[in-house]
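Here's the structure we're looking at; comments come further down.
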Amino acid sequence: MNILITGSNGFIAKNLIVKLRSVKKYKLYLCNKSTIKKKLSEYLNKADIIFHFAATNRSVNSKNFNTNNYLFTKEILNYLVKISKKTPIIFSSSIMATDKSYYGISKLKAEKIINDYIKINKSKSKILRLPNVFGKWSKPNYNSVVATFCHNLSRNKK
């Protein structure tokens with residue numbers, strides 16, 4: 001099976017990559033901010049499933065949320081429609097998708113176009129709103145409150 005993972009340098013993707021590589025029966029195509037469009041097209045052509053984890057969750061420029069969360073998702077879906085491919089997508093959204101922040105709005109917009117893709121193409125895609133994700137490579141004061149608690153406890157901090 002050919003698996004495309006977007007946001008491959010991120011926390012969730014890193015953990016998935018380690019697990020999938022340990023099974024050794026999957027061909028992984030990894031996409032991150034440095035992946036050129038030509039390579040992304042090649043990966044989309046080959047992918048049997050897409051784990052779409054690419055996102056901006058913090059930025060000083062509010063436009064980055066729309067560009068990296070919504071428009072990048074739209075680019076992927078438009079390409080799949082163009083090549084008549086119904087590749088299933090596992091999309092990591094956020095519990096913040098109902099929030100009125102730039103991040104929340106961009107994630108909700110991405111969810112909407114994925115839902116449209118699912119209906120139009122009868123794709124077996126899923127949208128996951130993952131709360132309080134914690135694990136290897138969690139960053140304290142960034143990924144989760146649990147990571148922060150563990151970090152501070154292990155260092156006798158408040």
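Labels used: A, B, ... for chains in the order of the structure tokens, numbers from 1 for residues in each chain, and numbers from 1 for ligands as shown.
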Query raised in the report: Can you list every residue in chain A that DSSP puts in alpha helix (DSSP H), as a PyMOL selection string?
Result: chain A and resi 11-23+37-46+63-65+72-82+102-121+145-154
Requested in this report: Mind listing the strand (DSSP E or B) residues of stretch 1-83 of chain A, per DSSP on the backbone, as a ChimeraX atom specification?
Outcome: /A:2-6,27-31,49-52
Requested in this report: Work out how far atom CA of A:Leu130 is from atom CA of A:Ser94, in Å to one decimal.
Outcome: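 Value for the atom CA of A:Ser94-atom CA of A:Leu130 distance: 5.7 Å.
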Report task. Choose the residue, out of A:Phe134, A:Tyr70, A:Phe91, A:Phe149, that has the smallest atom-to-atom separation from A:Leu4; count only C-alpha atoms. Result ->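 Ranking A:Phe134, A:Tyr70, A:Phe91, A:Phe149 by distance to A:Leu4, first place goes to A:Phe91.
Between atom CA of A:Asn2 and atom CA of A:Thr73 the separation is 19.2 Å.
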Requested in this report: Would you mind listing what lies within 7 Å of stretch 10-20 of chain A as JSON, numbers by chain, with only C-alpha atoms counted and same-chain residues fewer than 3 positions away left out?
Outcome: {"A": [5, 7, 23, 24, 26, 53, 137, 138]}
